[in-house]
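Before any comments, here is the structure.
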Amino acid sequence: MVRYIVKRLFQGLPLLLVISITLFLLMMNIGDPIATMGGRTITRQSDRERLTRQLGLDKPISVQYLYWLIGNDWTKVDSDGDGIPDNYGTRHGILRGDFGTSLVTRKPVTELIGERIPNTLLLMVASEVVTVFFALLFGIYSALRQYSVMDNIMTALLFIAYSMPIFFVSLMSMYIFAVLFKKWGLPYLPTVGMFDPQVGKTPWQIFIHMILPVFSLSVTYFAAYSRYIRSTMLEVLSQDYVRTARSKGLPRRQVVYIHALKNAALPIVTVIGLDLPFLLGGAVVTERIFAWPGMGRLFLDHVSRSDLPVVMGILMLVATAVVVFQIITDIIYAWLDPRIRFD
Amino acid sequence: MSDSNTLVEVKNLKKHFPVTRGIILQRKVGVVRAVDGISFSIQRGETLGMVGESGCGKTTAGRTMLGLYPATDGSVIIDGDDILHARGKDQLKIRRKAQIIFQDPYASLNPRWTVNSIVSEPMRVHKLFATEKERSERAKDLLGMVGLSPHLLNRFPHEFSGGQRQRIGIARALASDPLFIVCDEPISALDVSIQAQVVNLLEKLQDQLSLTYLFVAHDLSMVRHICDRVAVMYLGVIVEIAEQNELYENPLHPYTQALLSAVPVPDPRKERARKRTILVGDVPSPINPPSGCRFHPRCPVAIEKCKDIVPEWREVSPQHWVACHLVN
Amino acid sequence: MNNQTPTLSELADDLITPPLTLWQLGWLRFRRHKMALFGGVILILLFIFAFGGAFLYTEKYANFNDTSQRLLAPSAEHPFGTDSIGRDILARTIYGGQISLFIGLVSVIIETILGIIIGALAGYYGGVIDAILMRITEAMLNIPTIFLLIVMAKFFGGNVPEIEIAGRVFSGSVIVIIVIIGATSWMYLARIVRAEFLSLKENEFILAARATGTSNSQIIFYHILPNTVAPIIVSSTLSVANAILAEAYISFLGLGVMPPTATWGNMLESSAKYLDSAPWLWFFPGMLILLTVLSINFIGDGMRDALDPRSRTI
Amino acid sequence: MNHMKSVLFLMVVAMLLLSACGGGSAATSVPEQPGDATEVPATDAPASEKKVVTFSWTQEFTSLSPLYSTGWFTAVTQQFWNCWAWNYDENNEPYPYLVTEMPSFENGGISEDGLTITLHLRDDIKWSDNEPITSEDFRFSWAMNIDPKNIVSSTYPEDLVTSIDTPDAQTVVLHFDTPSVAWQSLFTGIVPAHILQPVYDAEGTLDNAEWNNNPSVGCGPYNFAEWESGSYARFVRNDNYFDAPAKIDEIFIRFVPDDTAQTTALVAGDADLGAFIPYSEVPRLKEAGVEIMTQPSGFNEGIFLQVSEDFSHPAMLDVNVRKAVAMSIDFDSFNQDVNLGLVKTPGSFWDALPYYNDPPVEPYPYDPEGAKALLDAAGWVDSNEDGTRDKDGVEFIIQHGATTREVRQELQAVAQQQLADVGIELEILNFDADLFFATYADAGPTYSGELDLQEWSDTPSGFPDPDIYYWLCSEVPSDDNPSGTNSFYICDEELDALIQEQASQLDPAERQETVSKINQIFHDKVYWIGAWQDPDVWAVSSRLTGVKFSGVTPFFNITEWDIK
């Protein structure tokens, strides 16, 4: 087993390398990070030249990639612009855990990302849990009562929810539950942020500030999950052993919850497991609208300013998480399913 | 052995499948020696049977002979042309002469194609007729030849029974006017009642079109009716070849004897008296075949020599070849 | 629906004419799927709206602005009202619909071509080709699609000149959006196609074709591909809906099709600030997106059932 | 093994059910926020009568240090906790803050030759840790700015100063090689030498100083409290402030990137103040009782014309054709309808600086017939009757590029139609800001000469001083000068001379004369067409009182703000 894990991890490395090179090449051409450093006015020529040199953006792509990958503390760099390399660089490279420093904020990328991960996970895991819970309810219900009126209505509603762009769902729900409810004298929800400064960052504050973003996210993810659960359950319910259990006269409830659900759990858990690493990336649109300080927003804020180290850091983190979770999912799957063995 | 009457000549044919590890840089960690150096020849108009247990490499041998799998080593000369080393147009020319009929009548016909498309495909590939219409006419003739109604031409395979499908497969094999057909267990997937019909059809066609068959089968009983000579394969090598009667009456190799002992005899008295040799143990892995004689771990009469020395391939009597230390 | 039970005369015909091709079989099953049929009708109506509407209004009219006529509620003159610079929303939904549907269809064509080529090559040839192509596929799958969309939208942003197709001038951003949506969505299809190729290529009918001398390209395109058509069609149908939604997302992030070229996505995006003051701004494009995505999903659902090779019932 | 699997299965199901049933249970697992546990009340009870005002910023600040900040939001935030040598009032007039008086020729603060400027500091000014602010802090701030070891955001105008003398703790003497009007932009924020000198000595750079993002010591009416990236920043009243203390206890800044969400938050009362409100959001806010305040900040939205033999459309080289373009677009109606009459069409780049716009230059009137006549006279006629004018086989098709700001795109659409009416075809292009302004070396669309018309909002660089530099011949980008900023490729000798002349004219009367000449050239040669005035637009909750803004130092009177 250990050998298998180590082997899989080593197989992941070339994959991550390919991803990093491709992204790096893409990233070199998504804009000029210095162009917008002047704020509302255009960056001056002298500053552009100085910053380009100081930030190492004058180096060829290959060198920039090398520095990003393995750092530049082994070679001398020219920091004062006289054309003579004077000091050893200070970067260690991503392979040694140094994700670099943001071009925009000059903060270490690991710090920027580290600050956002808890917030993003809070929002995304909550959405995932809510989604999965309701998807299980709906999915199982419609599988048991396939083609009933309720099943059809639910299916239609699901598709409608799925068909709406999430930004629209978000803005609409914000307008209805915050603005209109307040206008109508109903209990209303807060709009943006994580807490009310007058009260402070309490669990209750965070909870009520999470309701709208979680709602918007769940609405969109819900359809896919419940459809998947429904079809998995349908498949399981038509299996011989479930029919046998029913014909044995076991109570319907017991058949469904013990036999069917247990066997449907495997594919469902797998799908959830494969989705989990992507939660780390956050929700770009939702976080932007609800001003939630997560990874999606960090990505958006920094990609719009061509901040390569931050964008690369986020993408590589998610990509690595995907690789790791794939391995974990495979192992759990094998553990649960005796038919699968690693030779 | 080679003369103008020889249609097919197989020399030292080998087919090894690599076993690899790794993702981008693949390392070869071993090989499956599915076919490990077989040689034989087939005369024009003759039917050579090839028998052996599942996994002995007989199907692979048949397919490799036609170049469906790239051969690891050896050569296959069909009607004077080397099929394995020809490329492009030359290869196409040889392909026309050699065809194959498959075991599974369900998997061997493209479910999305009509019978017409299936049967006339070889004609299209080899540009045998000028127009589609002519090809359809020829396809109808072929259907008639294999005993199917020509008006079924536009049907799809799923509308036919297994036996009918196998006839379609035969019609396709005949479409390019081949000299030689590899029949890869053509009847083993069929009902017993149908099996005889198909065998009879194959025999009839052989007479009509003077075809040459390599008839691959996993048991000896059916082969007896159709074959002129029989080759017995074990774990990638041929252990014995002889004329049909000679082999059945006078099997020399212990493995052949064991196989024959499993064939029921129609005469109940003889059947009762039949001495059965039960082989013990599994067929060894072709990744790591036993040293010396490959049969030695399961051979009831193996001697010390068999473990180390590969037995010589000898002609012990006219047209009777065998590889066994115990045969004089 | 009566023709589920064939009449005697039909049975008699059956003996002479071939009964049902797989397509006919699929169509029969599809017709029983009421939601799918409904979706089909809606989609046809949407196409008639977007492309037939061009006879009602010119594209020039769709871009005609009059700032003194801004934010007018629906009326006889402007059935869907006017937008923030006084353009007729009905005309813009018509021309925007053309672009949105065009983006949906063409990006899926790109996706399908890429997915088929990559999946087919990987599945058919296997070995090193498979390893390389699948690593690329996995690499793409390891990054959330929206991130890829954003990075690629910025990568190509503004670098593509406008082109003219069928009398309409498309701004470069339309082409960019089509390409990036196509280029970021082919991975699942490639995997499906690869899996199908892997199992199909071992089939004996492929060996039979090779024994006959049929070339690799012919085997790929005439033998294997038609057998993978069902999952490809289902996957591609659903992708059209995803592409139309993806366009709306990138528009929201300011990287979509640039005005004045209208799309349902960018119309919906720019309406966000008029949620209460001018609801007609979001209602019509929002409704059209909803209907399109909904009907395509229903159709895809129906097709999945209809083309399922395991299903043998009519 | 089987037993284990049942357990795992039960655990999964239980986890899903439990965490979802509760719903709220997810929220109880709030991630640990080290550091702020002490500052956050553990209960939900509102914390006393604390006066908290919530600001909504659409962009997060990049760094809090005046040296490293890039962007407007950081700069204005500095006024809460940092201090400038002089501030500007609501009329954008400077008044002394850390200094005792504004240096001038009259009071001897500026030497006759303009090469020496002397600042006299107040003796009662101090940092929030009670350390006095001295001339050494000024010298240190300047020295750190131009130190090549620091990757600061801009070394201008500090690099114009050749040296600084500090004869005593309250006197700062600046030496220049050439007189420069940019001196007024010096010391927009200072850094504490007593905190940062040791950091610099230890690390050789201030790039990684803790203080940059966590300025424990400041000199403004508020002290920095905390900043959570992507979420919020808090500033609490500085009890050691050397001036009148602030009335509001805490300023809470929330980063809300989406315009529409920001408006909704303002309407819902979740924010008290928002900046850069789009005009289209104004009615919604006013309806909800939010006050809209505008403050001239020097910015004007305008179209910059590219006039270059190498890149421009040949028609654009003719001044009468450029005039015709200006006369073909109805900016007044656009401002009346789309910008809701909140702003006027500026005639001059110095529209917000009446002193330098004297005599005032009026915008070209909307006159499509007159434009057609000018175009006809210039030889641009529609000879092939395809609806677009042409001359010598060249069609009159020009490119108009801008960023993706919505109101800009609306103007582009309107302009496209109005220019089409006079026979000019306008191709519209939009780019993200970091692509739009990418350098010549990076093949950015503006700097590589792809756009005949370039639209953005801009201000004279030293506002409220009308200093400019884009149009200098030396700024024209080329292979040898890849970061040149003259994307218009206009090298007008007369203009070049005047721009160079004004840059060193410290005497207001002389400046006024030179700048007015430049103004006239802009107008006569049609190098810039004003679209609309672009003042700062603030949305202010009705519960705030005493609110005033300045276009340069917006929060100059933040200490007087209060909550009803």
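If you're wondering about the labels, chains in the structure tokens are A, B, ... by order shown, residues count from 1 in each chain, ligands from 1 in order shown.
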Residues within 9 Å of Gln412 (chain D), please, as a PyMOL selection string. Count only C-alpha atoms; anything in the same chain fewer than 2 positions from it doesn't count. (chain C and resi 259-260) or (chain D and resi 400-402+407-410+414-417+426+428-429)
With all heavy atoms retained, export the selected residues as a tab-separated table (two decimals), in the first residue's frame.
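Result saved to again_30.tsv:
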chain	number	residue	atom	x	y	z
C	259	PRO	N	-19.24	44.74	-25.69
C	259	PRO	CA	-20.27	45.54	-26.31
C	259	PRO	C	-19.66	46.34	-27.47
C	259	PRO	O	-18.45	46.56	-27.44
C	259	PRO	CB	-20.73	46.48	-25.20
C	259	PRO	CG	-20.12	45.97	-23.96
C	259	PRO	CD	-18.96	45.15	-24.33
C	260	PRO	N	-20.45	46.82	-28.41
C	260	PRO	CA	-21.92	46.75	-28.45
C	260	PRO	C	-22.47	45.42	-28.93
C	260	PRO	O	-23.68	45.28	-28.97
C	260	PRO	CB	-22.27	47.86	-29.44
C	260	PRO	CG	-21.11	47.94	-30.36
C	260	PRO	CD	-19.92	47.59	-29.54
D	400	HIS	N	-11.23	52.72	-31.75
D	400	HIS	CA	-11.44	53.38	-30.45
D	400	HIS	C	-11.29	52.34	-29.36
D	400	HIS	O	-12.07	51.40	-29.27
D	400	HIS	CB	-12.85	53.99	-30.43
D	400	HIS	CG	-13.16	54.74	-29.17
D	400	HIS	ND1	-14.38	55.30	-28.94
D	400	HIS	CD2	-12.42	55.03	-28.07
D	400	HIS	CE1	-14.39	55.89	-27.74
D	400	HIS	NE2	-13.20	55.74	-27.21
D	401	GLY	N	-10.25	52.49	-28.55
D	401	GLY	CA	-10.00	51.48	-27.51
D	401	GLY	C	-10.19	52.06	-26.11
D	401	GLY	O	-9.93	53.23	-25.86
D	402	ALA	N	-10.66	51.21	-25.22
D	402	ALA	CA	-10.84	51.62	-23.83
D	402	ALA	C	-10.82	50.38	-22.96
D	402	ALA	O	-10.77	49.26	-23.45
D	402	ALA	CB	-12.17	52.37	-23.65
D	407	VAL	N	-19.65	52.39	-18.43
D	407	VAL	CA	-20.11	53.65	-19.00
D	407	VAL	C	-19.26	54.04	-20.21
D	407	VAL	O	-19.73	54.64	-21.17
D	407	VAL	CB	-20.14	54.75	-17.92
D	407	VAL	CG1	-18.75	55.05	-17.41
D	407	VAL	CG2	-20.80	56.01	-18.44
D	408	ARG	N	-18.00	53.61	-20.18
D	408	ARG	CA	-17.13	53.84	-21.33
D	408	ARG	C	-17.64	53.08	-22.54
D	408	ARG	O	-17.66	53.58	-23.66
D	408	ARG	CB	-15.73	53.32	-21.02
D	408	ARG	CG	-14.78	54.41	-20.69
D	408	ARG	CD	-13.46	53.90	-20.18
D	408	ARG	NE	-13.04	54.83	-19.15
D	408	ARG	CZ	-12.28	54.53	-18.12
D	408	ARG	NH1	-11.83	53.31	-17.99
D	408	ARG	NH2	-11.97	55.44	-17.24
D	409	GLN	N	-18.04	51.85	-22.28
D	409	GLN	CA	-18.54	51.04	-23.39
D	409	GLN	C	-19.82	51.62	-23.95
D	409	GLN	O	-20.09	51.55	-25.14
D	409	GLN	CB	-18.75	49.60	-22.90
D	409	GLN	CG	-17.42	48.95	-22.53
D	409	GLN	CD	-17.59	47.57	-21.93
D	409	GLN	OE1	-18.56	47.28	-21.25
D	409	GLN	NE2	-16.64	46.69	-22.19
D	410	GLU	N	-20.59	52.24	-23.07
D	410	GLU	CA	-21.82	52.87	-23.55
D	410	GLU	C	-21.49	54.07	-24.42
D	410	GLU	O	-22.09	54.27	-25.47
D	410	GLU	CB	-22.70	53.27	-22.36
D	410	GLU	CG	-23.32	52.06	-21.69
D	410	GLU	CD	-24.10	52.36	-20.42
D	410	GLU	OE1	-23.92	53.46	-19.84
D	410	GLU	OE2	-24.89	51.51	-20.01
D	414	VAL	N	-22.46	54.77	-28.38
D	414	VAL	CA	-23.11	55.98	-28.87
D	414	VAL	C	-22.22	56.65	-29.92
D	414	VAL	O	-22.69	57.06	-30.99
D	414	VAL	CB	-23.39	56.93	-27.68
D	414	VAL	CG1	-23.81	58.30	-28.18
D	414	VAL	CG2	-24.44	56.33	-26.76
D	415	ALA	N	-20.93	56.74	-29.63
D	415	ALA	CA	-20.01	57.41	-30.55
D	415	ALA	C	-19.96	56.65	-31.89
D	415	ALA	O	-19.91	57.27	-32.96
D	415	ALA	CB	-18.61	57.48	-29.94
D	416	GLN	N	-19.99	55.34	-31.81
D	416	GLN	CA	-19.95	54.55	-33.04
D	416	GLN	C	-21.11	54.93	-33.96
D	416	GLN	O	-20.93	55.14	-35.15
D	416	GLN	CB	-20.04	53.07	-32.68
D	416	GLN	CG	-19.86	52.14	-33.87
D	416	GLN	CD	-19.91	50.69	-33.45
D	416	GLN	OE1	-20.82	50.26	-32.73
D	416	GLN	NE2	-18.93	49.92	-33.88
D	417	GLN	N	-22.29	55.06	-33.34
D	417	GLN	CA	-23.46	55.38	-34.16
D	417	GLN	C	-23.39	56.81	-34.67
D	417	GLN	O	-23.66	57.08	-35.83
D	417	GLN	CB	-24.71	55.18	-33.31
D	417	GLN	CG	-25.97	55.54	-34.04
D	417	GLN	CD	-27.17	55.29	-33.16
D	417	GLN	OE1	-27.22	54.30	-32.42
D	417	GLN	NE2	-28.13	56.18	-33.22
D	426	LEU	N	-16.36	53.50	-36.84
D	426	LEU	CA	-15.58	53.37	-35.61
D	426	LEU	C	-15.55	51.91	-35.20
D	426	LEU	O	-16.58	51.27	-35.03
D	426	LEU	CB	-16.24	54.21	-34.50
D	426	LEU	CG	-15.44	54.42	-33.22
D	426	LEU	CD1	-14.21	55.26	-33.51
D	426	LEU	CD2	-16.30	55.12	-32.17
D	428	ILE	N	-14.70	49.33	-32.29
D	428	ILE	CA	-14.62	49.44	-30.83
D	428	ILE	C	-13.80	48.28	-30.26
D	428	ILE	O	-14.00	47.13	-30.65
D	428	ILE	CB	-16.04	49.42	-30.24
D	428	ILE	CG1	-16.77	50.68	-30.64
D	428	ILE	CG2	-15.99	49.28	-28.74
D	428	ILE	CD1	-18.20	50.69	-30.18
D	429	LEU	N	-12.88	48.61	-29.38
D	429	LEU	CA	-12.09	47.58	-28.73
D	429	LEU	C	-12.08	47.82	-27.23
D	429	LEU	O	-12.06	48.96	-26.78
D	429	LEU	CB	-10.66	47.60	-29.27
D	429	LEU	CG	-10.53	47.25	-30.74
D	429	LEU	CD1	-9.74	48.30	-31.46
D	429	LEU	CD2	-9.90	45.90	-30.91
Can you tell me, as a ChimeraX atom specification, what residues are no more than 9 Å from Val52 (chain D) when counting only C-alpha atoms, ignoring any on the same chain fewer than 6 positions away? /A:197-198 /D:248-252,563
Could you tell me which residues of chain A sit within 6 Å of chain D when counting only C-alpha atoms, and give me the result as a VMD selection string? chain A and resid 31 to 32 35 to 39 45 47 80 105 118 126 129 to 130 133 179 191 199 to 200 203 207 289 291 293
Quick one: pick out all strand (DSSP E or B) residues within region 78-294 of chain D from a backbone DSSP run and write them as a PyMOL selection string. chain D and resi 86-88+94-96+99+110+116-121+126+132+161-168+171-176+222-228+232-237+250-255+273-274+291-294
Write out as a Markdown table a residue-level contact list of chain A versus chain C with cut-off 8 Å: for each qualifying residue the closest pair of atoms and the distance in Å to one decimal, counting only C-alpha atoms, rows sorted by chain and residue number upward.
| residue | atom | partner | partner_atom | distance |
| --- | --- | --- | --- | --- |
| A:Leu15 | CA | C:Ala139 | CA | 6.2 |
| A:Leu16 | CA | C:Ala139 | CA | 7.2 |
| A:Val18 | CA | C:Ala139 | CA | 7.2 |
| A:Ile19 | CA | C:Ala139 | CA | 5.6 |
| A:Leu26 | CA | C:Phe155 | CA | 6.3 |
| A:Met27 | CA | C:Val151 | CA | 7.2 |
| A:Asn29 | CA | C:Phe155 | CA | 5.7 |
| A:Ile30 | CA | C:Phe155 | CA | 4.5 |
| A:Gly31 | CA | C:Lys154 | CA | 7.4 |
| A:Phe159 | CA | C:Leu294 | CA | 6.1 |
| A:Ile160 | CA | C:Leu294 | CA | 6.4 |
| A:Ser163 | CA | C:Leu290 | CA | 5.3 |
| A:Met164 | CA | C:Leu290 | CA | 6.0 |
| A:Pro165 | CA | C:Leu245 | CA | 6.1 |
| A:Ile166 | CA | C:Tyr249 | CA | 8.0 |
| A:Phe167 | CA | C:Phe252 | CA | 7.4 |
| A:Phe168 | CA | C:Ala272 | CA | 7.5 |
| A:Leu171 | CA | C:Ala272 | CA | 7.2 |
| A:Met172 | CA | C:Leu275 | CA | 7.4 |
| A:Tyr175 | CA | C:Leu275 | CA | 7.8 |
| A:Phe278 | CA | C:Pro144 | CA | 6.6 |
| A:Gly281 | CA | C:Pro144 | CA | 7.3 |
| A:Val284 | CA | C:Ile146 | CA | 7.7 |
| A:Val285 | CA | C:Leu253 | CA | 7.8 |
| A:Val303 | CA | C:Val151 | CA | 7.4 |
| A:Leu315 | CA | C:Ile143 | CA | 6.5 |
| A:Val318 | CA | C:Ile143 | CA | 6.7 |
| A:Ala319 | CA | C:Asn142 | CA | 4.8 |
| A:Thr320 | CA | C:Asn142 | CA | 7.9 |
| A:Val322 | CA | C:Asn142 | CA | 5.9 |
| A:Val323 | CA | C:Asn142 | CA | 7.5 |
Could those selected residues go to a file with C-alpha atoms, as a PDB file, in the first residue's frame?
ATOM      1  CA  LEU A  15       1.916  16.027 -14.281  1.00  0.00           C
ATOM      2  CA  LEU A  16       2.334  18.991 -11.964  1.00  0.00           C
ATOM      3  CA  VAL A  18       3.586  20.032 -17.132  1.00  0.00           C
ATOM      4  CA  ILE A  19       0.802  22.075 -15.539  1.00  0.00           C
ATOM      5  CA  LEU A  26       0.049  31.454 -20.400  1.00  0.00           C
ATOM      6  CA  MET A  27       0.590  33.745 -17.466  1.00  0.00           C
ATOM      7  CA  ASN A  29       1.005  37.066 -21.568  1.00  0.00           C
ATOM      8  CA  ILE A  30      -2.051  37.930 -19.557  1.00  0.00           C
ATOM      9  CA  GLY A  31      -1.091  41.526 -18.957  1.00  0.00           C
ATOM     10  CA  PHE A 159     -32.992  22.102 -13.943  1.00  0.00           C
ATOM     11  CA  ILE A 160     -34.245  25.649 -13.519  1.00  0.00           C
ATOM     12  CA  SER A 163     -29.846  26.862 -15.643  1.00  0.00           C
ATOM     13  CA  MET A 164     -29.440  30.202 -13.905  1.00  0.00           C
ATOM     14  CA  PRO A 165     -26.032  31.861 -13.903  1.00  0.00           C
ATOM     15  CA  ILE A 166     -24.812  31.941 -10.328  1.00  0.00           C
ATOM     16  CA  PHE A 167     -24.128  35.684 -10.346  1.00  0.00           C
ATOM     17  CA  PHE A 168     -27.747  36.251 -11.109  1.00  0.00           C
ATOM     18  CA  LEU A 171     -27.514  39.272  -6.789  1.00  0.00           C
ATOM     19  CA  MET A 172     -31.187  38.392  -6.878  1.00  0.00           C
ATOM     20  CA  TYR A 175     -31.725  41.978  -3.336  1.00  0.00           C
ATOM     21  CA  PHE A 278     -11.751  21.925  -5.979  1.00  0.00           C
ATOM     22  CA  GLY A 281     -10.175  27.030  -5.186  1.00  0.00           C
ATOM     23  CA  VAL A 284     -14.844  33.088  -7.895  1.00  0.00           C
ATOM     24  CA  VAL A 285     -18.180  34.695  -8.661  1.00  0.00           C
ATOM     25  CA  VAL A 303      -5.220  37.721 -12.054  1.00  0.00           C
ATOM     26  CA  LEU A 315      -3.395  27.099  -9.287  1.00  0.00           C
ATOM     27  CA  VAL A 318      -5.349  23.293  -6.257  1.00  0.00           C
ATOM     28  CA  ALA A 319      -3.692  21.062  -8.844  1.00  0.00           C
ATOM     29  CA  THR A 320      -1.623  19.377  -6.172  1.00  0.00           C
ATOM     30  CA  VAL A 322      -6.465  17.263  -6.880  1.00  0.00           C
ATOM     31  CA  VAL A 323      -3.602  14.810  -7.355  1.00  0.00           C
TER      32      VAL A 323
END
Skipping near chain neighbours, those fewer than 4 positions away, what residues fall within 9 Å of Thr214 (chain C) using only C-alpha atoms, listed as an MDAnalysis selection string? (chainID B and resid 92 121:122 125:126) or (chainID C and resid 208:210 218:219)
Could you write out that same residue set with C-alpha atoms as a compact mmCIF listing (two decimals), in the first residue's frame?
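Written out: result12.txt:
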# COMPACT_ATOMS: atom_id res chain seq x y z
CA LEU B 92 -2.94 -4.85 -48.99
CA GLU B 121 -16.17 -3.70 -46.99
CA PRO B 122 -13.34 -5.95 -48.23
CA VAL B 125 -10.93 -1.73 -49.46
CA HIS B 126 -9.46 -3.80 -52.27
CA ALA C 208 -11.80 -8.18 -39.05
CA ALA C 209 -11.45 -4.75 -40.61
CA ARG C 210 -7.73 -4.80 -40.03
CA GLN C 218 -10.94 4.41 -41.74
CA ILE C 219 -11.17 2.11 -38.75
Option closest in space to Gly254 (chain C), from A:Val6, A:Pro309, A:Phe325, A:Leu300 [counting only C-alpha atoms]: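 Of A:Val6, A:Pro309, A:Phe325, A:Leu300, the one nearest Gly254 (chain C) is A:Leu300, counting only C-alpha atoms.
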Would you list the contacts of Lys34 (chain C) as a PyMOL selection string, taking every protein, DNA or RNA residue within 10 Å and counting only C-alpha atoms, but skipping same-chain residues closer than 4 positions in sequence? chain C and resi 30+38-40+298-299+302
Members of region 218-350 of chain D assigned helix (DSSP H, G or I) by DSSP, as a ChimeraX atom specification: /D:259-268,279-287,314-317,319-328,331-337
Restrict the distance test to only C-alpha atoms, flag each residue of chain C within 7 Å of chain B, and return the flagged residues as number ranges by chain. C: 18, 128, 131-132, 203-205, 207-208, 210-214, 223, 226-227
Per-residue nearest contacts chain C to chain D, cut-off 9 Å, using only C-alpha atoms, as CSV:
residue,atom,partner,partner_atom,distance
C:Asn63,CA,D:Ala413,CA,7.8
C:Phe64,CA,D:Gln417,CA,7.1
C:Asn65,CA,D:Val414,CA,6.4
C:Asp66,CA,D:Val414,CA,7.9
C:Thr67,CA,D:Asp337,CA,5.7
C:Ser68,CA,D:Asp337,CA,6.0
C:Gln69,CA,D:Asp337,CA,8.7
C:Arg70,CA,D:Asp337,CA,7.7
C:Ser84,CA,D:Val338,CA,7.1
C:Ile85,CA,D:Val338,CA,6.7
C:Lys154,CA,D:Asp432,CA,7.8
C:Gly157,CA,D:Phe431,CA,6.8
C:Gly158,CA,D:Phe431,CA,6.1
C:Asn159,CA,D:Pro445,CA,8.9
C:Ser171,CA,D:Leu429,CA,8.7
C:Gly172,CA,D:Leu429,CA,8.9
C:Gly254,CA,D:Thr404,CA,6.6
C:Leu255,CA,D:Asp432,CA,7.8
C:Met258,CA,D:Asn430,CA,6.6
C:Pro259,CA,D:Gln409,CA,6.5
C:Pro260,CA,D:Ala413,CA,5.8
C:Ser270,CA,D:Glu406,CA,7.9
C:Ala272,CA,D:Thr260,CA,6.8
C:Lys273,CA,D:Thr260,CA,5.5
C:Tyr274,CA,D:Glu281,CA,8.5
C:Asp276,CA,D:Arg284,CA,8.8
C:Ser277,CA,D:Arg284,CA,7.7
How many Å separate CA of Asp308 (chain B) from CA of Pro290 (chain B)?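 Those two atoms sit 9.1 Å apart.
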